[in-house]
Amino acid sequence: VGTFGLGLIYVVLIAVFLFFVQVGFIAYLRGSAVRLGPDQFPEIYQRVVEFAQRSGMKKEPEAYLMQADGALNAFATKFFRGQMVVLYADLLEACGDDTEARDMIIGHEIGHLRCGHLDWFILTSLGRFIPFLGSAYSRACEYTCDRWGAALSGSAQGARRGLMVLAAGGAHSSK
């Protein structure tokens with residue numbers, strides 16, 4: 001009982017720590033990123049809303065544009081029931097005028113929310129540390145969301161270009 005009780009205490013302490021880390025991250029995000037809406041980057045916001053509706057989500061996620069010092073990335077996150085899509089400014093800059101590549105990236109992040117990849121994160125987190133199993137699960141999630149991105153963008157070529165921008169950057173993606 002003593003060992004079990006001590007283990008339970010550790011689990012609770014780790015859970016509380018992770019909760020406060022998430023609270024801090026969401027506070028940082030909301031304080032330093034630009035929330036997309038009808039008045040701020042309306043074209044990108046409209047794509048998020050449209051893709052959320054087309055994917056069957058009941059409510060569109062909050063969308064943010066964030067400066068990330070050259071990082072070419074985007075991610076989806078959630079806090080309680082609130083869902084968010086965060087696009088890095090340099091990634092959108094790397095896409096340039098290629099709206100299909102940009103749409104693939106937005107669709108990919110919507111795919112994470114639609115498929116519930118964040119809903120079971122706590123339950124699947126231990127399995128992510130098992131060699132091969134964790135990376136296989138992660139890769140399967142990414143492939144699924146790549147398919148969502150391609151479907152929502154409506155262009156197989158645009159989806160390929162979006163993946164190339166993510167992999168090689170805007171200057172090298174055409175090569």
# chains A, B, ... in the order shown; residues from 1 in each chain; ligands from 1
>>> closest_atom_pairs(of="region 41-135 of chain A", to="region 28-32 of chain A", cutoff="10 Å", atoms="only C-alpha atoms", output="JSON lines")
{"residue": "A:Tyr64", "atom": "CA", "partner": "A:Leu29", "partner_atom": "CA", "distance": 8.2}
{"residue": "A:Leu65", "atom": "CA", "partner": "A:Ser32", "partner_atom": "CA", "distance": 9.3}
{"residue": "A:Met66", "atom": "CA", "partner": "A:Ser32", "partner_atom": "CA", "distance": 7.3}
{"residue": "A:Gln67", "atom": "CA", "partner": "A:Ser32", "partner_atom": "CA", "distance": 8.5}
{"residue": "A:Val86", "atom": "CA", "partner": "A:Leu29", "partner_atom": "CA", "distance": 8.8}
>>> write_last_selection(atoms="N, CA and C atoms", output="PDB file, in the first residue's frame")
ATOM      1  N   TYR A  64      -4.768  31.226 -34.293  1.00  0.00           N
ATOM      2  CA  TYR A  64      -3.773  32.230 -33.943  1.00  0.00           C
ATOM      3  C   TYR A  64      -2.640  32.225 -34.949  1.00  0.00           C
ATOM      4  N   LEU A  65      -2.054  33.401 -35.141  1.00  0.00           N
ATOM      5  CA  LEU A  65      -0.851  33.570 -35.934  1.00  0.00           C
ATOM      6  C   LEU A  65       0.238  34.030 -34.972  1.00  0.00           C
ATOM      7  N   MET A  66       1.375  33.318 -34.989  1.00  0.00           N
ATOM      8  CA  MET A  66       2.397  33.562 -33.982  1.00  0.00           C
ATOM      9  C   MET A  66       3.774  33.662 -34.631  1.00  0.00           C
ATOM     10  N   GLN A  67       4.548  34.623 -34.190  1.00  0.00           N
ATOM     11  CA  GLN A  67       5.938  34.756 -34.625  1.00  0.00           C
ATOM     12  C   GLN A  67       6.772  33.735 -33.860  1.00  0.00           C
ATOM     13  N   VAL A  86      -2.675  26.945 -34.284  1.00  0.00           N
ATOM     14  CA  VAL A  86      -1.659  27.992 -34.266  1.00  0.00           C
ATOM     15  C   VAL A  86      -0.797  27.829 -35.511  1.00  0.00           C
TER      16      VAL A  86
END
>>> atom_distance(atom1="CA of Gly107 (chain A)", atom2="CA of Arg147 (chain A)")
8.8 Å
>>> select_by_dssp(residues="region 73-111 of chain A", states="helix (DSSP H, G or I)", output="number ranges by chain")
A: 89-95, 99-111
>>> write_last_selection(atoms="all heavy atoms", output="compact mmCIF listing (two decimals), in the first residue's frame")
# COMPACT_ATOMS: atom_id res chain seq x y z
N ALA A 89 4.06 32.46 -38.33
CA ALA A 89 4.11 33.49 -39.35
C ALA A 89 5.12 33.15 -40.45
O ALA A 89 4.85 33.36 -41.64
CB ALA A 89 4.44 34.84 -38.71
N ASP A 90 6.27 32.63 -40.07
CA ASP A 90 7.29 32.31 -41.07
C ASP A 90 6.85 31.18 -42.00
O ASP A 90 7.27 31.13 -43.15
CB ASP A 90 8.61 31.96 -40.40
CG ASP A 90 9.23 33.17 -39.73
OD1 ASP A 90 9.19 34.26 -40.35
OD2 ASP A 90 9.74 33.05 -38.61
N LEU A 91 6.01 30.29 -41.52
CA LEU A 91 5.49 29.23 -42.37
C LEU A 91 4.56 29.81 -43.43
O LEU A 91 4.65 29.46 -44.60
CB LEU A 91 4.75 28.18 -41.53
CG LEU A 91 4.08 27.05 -42.31
CD1 LEU A 91 5.10 26.26 -43.12
CD2 LEU A 91 3.33 26.14 -41.36
N LEU A 92 3.68 30.72 -43.02
CA LEU A 92 2.79 31.34 -44.00
C LEU A 92 3.59 32.18 -44.99
O LEU A 92 3.27 32.23 -46.18
CB LEU A 92 1.74 32.19 -43.29
CG LEU A 92 0.73 31.42 -42.45
CD1 LEU A 92 -0.31 32.36 -41.88
CD2 LEU A 92 0.07 30.31 -43.23
N GLU A 93 4.64 32.83 -44.51
CA GLU A 93 5.51 33.60 -45.40
C GLU A 93 6.20 32.68 -46.40
O GLU A 93 6.35 33.01 -47.57
CB GLU A 93 6.55 34.37 -44.58
CG GLU A 93 7.40 35.31 -45.40
CD GLU A 93 8.35 36.09 -44.53
OE1 GLU A 93 7.94 36.58 -43.47
OE2 GLU A 93 9.53 36.20 -44.92
N ALA A 94 6.62 31.50 -45.95
CA ALA A 94 7.27 30.54 -46.84
C ALA A 94 6.30 30.03 -47.91
O ALA A 94 6.72 29.71 -49.02
CB ALA A 94 7.84 29.37 -46.04
N CYS A 95 5.02 29.95 -47.57
CA CYS A 95 4.02 29.54 -48.57
C CYS A 95 3.81 30.62 -49.63
O CYS A 95 3.41 30.32 -50.75
CB CYS A 95 2.69 29.21 -47.90
SG CYS A 95 2.69 27.70 -46.95
N THR A 99 -1.83 29.59 -51.99
CA THR A 99 -2.92 29.38 -51.03
C THR A 99 -3.25 27.90 -50.86
O THR A 99 -3.71 27.49 -49.79
CB THR A 99 -4.19 30.14 -51.45
OG1 THR A 99 -4.57 29.72 -52.77
CG2 THR A 99 -3.94 31.65 -51.44
N GLU A 100 -3.01 27.09 -51.88
CA GLU A 100 -3.29 25.66 -51.75
C GLU A 100 -2.34 24.99 -50.77
O GLU A 100 -2.74 24.13 -49.99
CB GLU A 100 -3.22 24.97 -53.11
CG GLU A 100 -4.33 25.39 -54.05
CD GLU A 100 -4.19 24.79 -55.44
OE1 GLU A 100 -3.07 24.37 -55.80
OE2 GLU A 100 -5.20 24.76 -56.16
N ALA A 101 -1.06 25.39 -50.79
CA ALA A 101 -0.09 24.86 -49.83
C ALA A 101 -0.47 25.30 -48.42
O ALA A 101 -0.45 24.50 -47.48
CB ALA A 101 1.32 25.33 -50.17
N ARG A 102 -0.85 26.56 -48.27
CA ARG A 102 -1.28 27.08 -46.97
C ARG A 102 -2.52 26.33 -46.50
O ARG A 102 -2.63 25.95 -45.33
CB ARG A 102 -1.58 28.58 -47.09
CG ARG A 102 -2.06 29.20 -45.79
CD ARG A 102 -2.92 30.42 -46.01
NE ARG A 102 -4.14 30.05 -46.73
CZ ARG A 102 -4.88 30.92 -47.41
NH1 ARG A 102 -4.51 32.17 -47.50
NH2 ARG A 102 -5.98 30.52 -48.01
N ASP A 103 -3.46 26.09 -47.41
CA ASP A 103 -4.70 25.39 -47.04
C ASP A 103 -4.42 23.97 -46.59
O ASP A 103 -5.09 23.45 -45.69
CB ASP A 103 -5.68 25.39 -48.20
CG ASP A 103 -6.30 26.76 -48.45
OD1 ASP A 103 -6.10 27.67 -47.61
OD2 ASP A 103 -6.98 26.92 -49.47
N MET A 104 -3.44 23.32 -47.20
CA MET A 104 -3.09 21.97 -46.77
C MET A 104 -2.63 21.97 -45.32
O MET A 104 -3.00 21.11 -44.54
CB MET A 104 -1.99 21.41 -47.69
CG MET A 104 -1.63 19.97 -47.40
SD MET A 104 -0.52 19.79 -46.01
CE MET A 104 -0.48 18.04 -45.88
N ILE A 105 -1.83 22.96 -44.96
CA ILE A 105 -1.31 23.05 -43.60
C ILE A 105 -2.43 23.32 -42.60
O ILE A 105 -2.51 22.69 -41.55
CB ILE A 105 -0.20 24.11 -43.53
CG1 ILE A 105 1.00 23.64 -44.37
CG2 ILE A 105 0.21 24.41 -42.10
CD1 ILE A 105 1.98 24.73 -44.75
N ILE A 106 -3.33 24.21 -42.96
CA ILE A 106 -4.49 24.48 -42.09
C ILE A 106 -5.34 23.22 -41.97
O ILE A 106 -5.77 22.84 -40.87
CB ILE A 106 -5.32 25.67 -42.63
CG1 ILE A 106 -4.51 26.97 -42.55
CG2 ILE A 106 -6.63 25.81 -41.86
CD1 ILE A 106 -5.14 28.14 -43.27
N GLY A 107 -5.60 22.57 -43.09
CA GLY A 107 -6.40 21.33 -43.08
C GLY A 107 -5.75 20.24 -42.25
O GLY A 107 -6.44 19.47 -41.57
N HIS A 108 -4.44 20.15 -42.30
CA HIS A 108 -3.70 19.16 -41.51
C HIS A 108 -3.97 19.38 -40.02
O HIS A 108 -4.26 18.43 -39.28
CB HIS A 108 -2.21 19.28 -41.81
CG HIS A 108 -1.33 18.41 -40.98
ND1 HIS A 108 -0.84 17.22 -41.45
CD2 HIS A 108 -0.86 18.55 -39.72
CE1 HIS A 108 -0.10 16.66 -40.50
NE2 HIS A 108 -0.09 17.45 -39.44
N GLU A 109 -3.90 20.62 -39.56
CA GLU A 109 -4.12 20.91 -38.14
C GLU A 109 -5.58 20.69 -37.75
O GLU A 109 -5.87 20.20 -36.65
CB GLU A 109 -3.66 22.34 -37.80
CG GLU A 109 -2.20 22.59 -38.07
CD GLU A 109 -1.25 21.56 -37.47
OE1 GLU A 109 -1.54 21.00 -36.40
OE2 GLU A 109 -0.20 21.31 -38.09
N ILE A 110 -6.50 21.02 -38.63
CA ILE A 110 -7.91 20.72 -38.38
C ILE A 110 -8.08 19.20 -38.25
O ILE A 110 -8.85 18.72 -37.42
CB ILE A 110 -8.80 21.27 -39.53
CG1 ILE A 110 -8.78 22.80 -39.53
CG2 ILE A 110 -10.22 20.73 -39.44
CD1 ILE A 110 -9.49 23.47 -38.39
N GLY A 111 -7.34 18.45 -39.04
CA GLY A 111 -7.40 16.99 -38.97
C GLY A 111 -7.03 16.46 -37.60
O GLY A 111 -7.65 15.52 -37.10
>>> closest_residue(among="A:Trp148, A:Pro61, A:Tyr10, A:Cys141", to="Val49 (chain A)", atoms="only C-alpha atoms")
A:Pro61
>>> closest_residue(among="A:Asp97, A:Ala136, A:Ile130, A:Val48", to="Arg161 (chain A)", atoms="only C-alpha atoms")
A:Asp97
>>> atom_distance(atom1="CA of Val16 (chain A)", atom2="CA of Glu62 (chain A)")
24.8 Å
>>> closest_residue(among="A:Phe121, A:Phe79, A:Gly70, A:Ile9", to="Ala27 (chain A)", atoms="only C-alpha atoms")
A:Phe79
>>> residues_around(residues="Arg128 (chain A)", least_positions_apart="6", cutoff="9 Å", atoms="only C-alpha atoms", output="list in words")
Gly134, Ser135, Ala136, Tyr137 and Ser138 of chain A
>>> decode(residues="region 145-170 of chain A", atoms="N, CA and C atoms", output="PDB file, in the first residue's frame")
ATOM      1  N   CYS A 145      -3.495  13.040 -40.798  1.00  0.00           N
ATOM      2  CA  CYS A 145      -3.747  14.479 -40.925  1.00  0.00           C
ATOM      3  C   CYS A 145      -3.260  15.028 -42.258  1.00  0.00           C
ATOM      4  N   ASP A 146      -2.232  14.421 -42.825  1.00  0.00           N
ATOM      5  CA  ASP A 146      -1.827  14.812 -44.181  1.00  0.00           C
ATOM      6  C   ASP A 146      -2.951  14.530 -45.171  1.00  0.00           C
ATOM      7  N   ARG A 147      -3.632  13.409 -44.977  1.00  0.00           N
ATOM      8  CA  ARG A 147      -4.775  13.094 -45.848  1.00  0.00           C
ATOM      9  C   ARG A 147      -5.913  14.089 -45.633  1.00  0.00           C
ATOM     10  N   TRP A 148      -6.164  14.481 -44.376  1.00  0.00           N
ATOM     11  CA  TRP A 148      -7.175  15.504 -44.110  1.00  0.00           C
ATOM     12  C   TRP A 148      -6.789  16.814 -44.802  1.00  0.00           C
ATOM     13  N   GLY A 149      -5.516  17.185 -44.686  1.00  0.00           N
ATOM     14  CA  GLY A 149      -5.059  18.422 -45.324  1.00  0.00           C
ATOM     15  C   GLY A 149      -5.241  18.392 -46.829  1.00  0.00           C
ATOM     16  N   ALA A 150      -4.900  17.267 -47.450  1.00  0.00           N
ATOM     17  CA  ALA A 150      -5.059  17.145 -48.899  1.00  0.00           C
ATOM     18  C   ALA A 150      -6.531  17.207 -49.289  1.00  0.00           C
ATOM     19  N   ALA A 151      -7.374  16.534 -48.524  1.00  0.00           N
ATOM     20  CA  ALA A 151      -8.806  16.526 -48.841  1.00  0.00           C
ATOM     21  C   ALA A 151      -9.431  17.905 -48.658  1.00  0.00           C
ATOM     22  N   LEU A 152      -9.094  18.575 -47.578  1.00  0.00           N
ATOM     23  CA  LEU A 152      -9.695  19.884 -47.317  1.00  0.00           C
ATOM     24  C   LEU A 152      -9.157  20.961 -48.248  1.00  0.00           C
ATOM     25  N   SER A 153      -7.898  20.845 -48.638  1.00  0.00           N
ATOM     26  CA  SER A 153      -7.339  21.850 -49.556  1.00  0.00           C
ATOM     27  C   SER A 153      -7.912  21.678 -50.959  1.00  0.00           C
ATOM     28  N   GLY A 154      -8.315  20.459 -51.300  1.00  0.00           N
ATOM     29  CA  GLY A 154      -8.918  20.206 -52.599  1.00  0.00           C
ATOM     30  C   GLY A 154      -7.923  20.087 -53.736  1.00  0.00           C
ATOM     31  N   SER A 155      -6.646  19.996 -53.416  1.00  0.00           N
ATOM     32  CA  SER A 155      -5.642  19.931 -54.469  1.00  0.00           C
ATOM     33  C   SER A 155      -4.507  19.007 -54.048  1.00  0.00           C
ATOM     34  N   ALA A 156      -4.336  17.928 -54.778  1.00  0.00           N
ATOM     35  CA  ALA A 156      -3.237  17.011 -54.466  1.00  0.00           C
ATOM     36  C   ALA A 156      -1.888  17.695 -54.683  1.00  0.00           C
ATOM     37  N   GLN A 157      -1.775  18.485 -55.744  1.00  0.00           N
ATOM     38  CA  GLN A 157      -0.522  19.204 -56.012  1.00  0.00           C
ATOM     39  C   GLN A 157      -0.254  20.251 -54.934  1.00  0.00           C
ATOM     40  N   GLY A 158      -1.292  20.968 -54.526  1.00  0.00           N
ATOM     41  CA  GLY A 158      -1.134  21.949 -53.457  1.00  0.00           C
ATOM     42  C   GLY A 158      -0.736  21.297 -52.146  1.00  0.00           C
ATOM     43  N   ALA A 159      -1.285  20.111 -51.884  1.00  0.00           N
ATOM     44  CA  ALA A 159      -0.934  19.379 -50.668  1.00  0.00           C
ATOM     45  C   ALA A 159       0.539  18.981 -50.697  1.00  0.00           C
ATOM     46  N   ARG A 160       1.004  18.524 -51.854  1.00  0.00           N
ATOM     47  CA  ARG A 160       2.431  18.175 -51.979  1.00  0.00           C
ATOM     48  C   ARG A 160       3.311  19.401 -51.743  1.00  0.00           C
ATOM     49  N   ARG A 161       2.907  20.529 -52.320  1.00  0.00           N
ATOM     50  CA  ARG A 161       3.694  21.755 -52.129  1.00  0.00           C
ATOM     51  C   ARG A 161       3.698  22.175 -50.668  1.00  0.00           C
ATOM     52  N   GLY A 162       2.572  22.016 -49.981  1.00  0.00           N
ATOM     53  CA  GLY A 162       2.515  22.341 -48.554  1.00  0.00           C
ATOM     54  C   GLY A 162       3.467  21.484 -47.743  1.00  0.00           C
ATOM     55  N   LEU A 163       3.520  20.190 -48.046  1.00  0.00           N
ATOM     56  CA  LEU A 163       4.451  19.297 -47.357  1.00  0.00           C
ATOM     57  C   LEU A 163       5.898  19.654 -47.680  1.00  0.00           C
ATOM     58  N   MET A 164       6.146  20.056 -48.913  1.00  0.00           N
ATOM     59  CA  MET A 164       7.511  20.438 -49.286  1.00  0.00           C
ATOM     60  C   MET A 164       7.946  21.710 -48.573  1.00  0.00           C
ATOM     61  N   VAL A 165       7.032  22.666 -48.399  1.00  0.00           N
ATOM     62  CA  VAL A 165       7.362  23.881 -47.647  1.00  0.00           C
ATOM     63  C   VAL A 165       7.683  23.532 -46.212  1.00  0.00           C
ATOM     64  N   LEU A 166       6.894  22.646 -45.614  1.00  0.00           N
ATOM     65  CA  LEU A 166       7.169  22.227 -44.234  1.00  0.00           C
ATOM     66  C   LEU A 166       8.529  21.529 -44.108  1.00  0.00           C
ATOM     67  N   ALA A 167       8.866  20.726 -45.114  1.00  0.00           N
ATOM     68  CA  ALA A 167      10.094  19.943 -45.053  1.00  0.00           C
ATOM     69  C   ALA A 167      11.346  20.748 -45.408  1.00  0.00           C
ATOM     70  N   ALA A 168      11.244  21.592 -46.432  1.00  0.00           N
ATOM     71  CA  ALA A 168      12.447  22.238 -46.957  1.00  0.00           C
ATOM     72  C   ALA A 168      12.448  23.755 -46.850  1.00  0.00           C
ATOM     73  N   GLY A 169      11.315  24.347 -46.508  1.00  0.00           N
ATOM     74  CA  GLY A 169      11.251  25.801 -46.451  1.00  0.00           C
ATOM     75  C   GLY A 169      10.800  26.378 -47.773  1.00  0.00           C
ATOM     76  N   GLY A 170      10.449  27.629 -47.747  1.00  0.00           N
ATOM     77  CA  GLY A 170       9.897  28.273 -48.946  1.00  0.00           C
ATOM     78  C   GLY A 170      10.893  28.392 -50.073  1.00  0.00           C
TER      79      GLY A 170
END
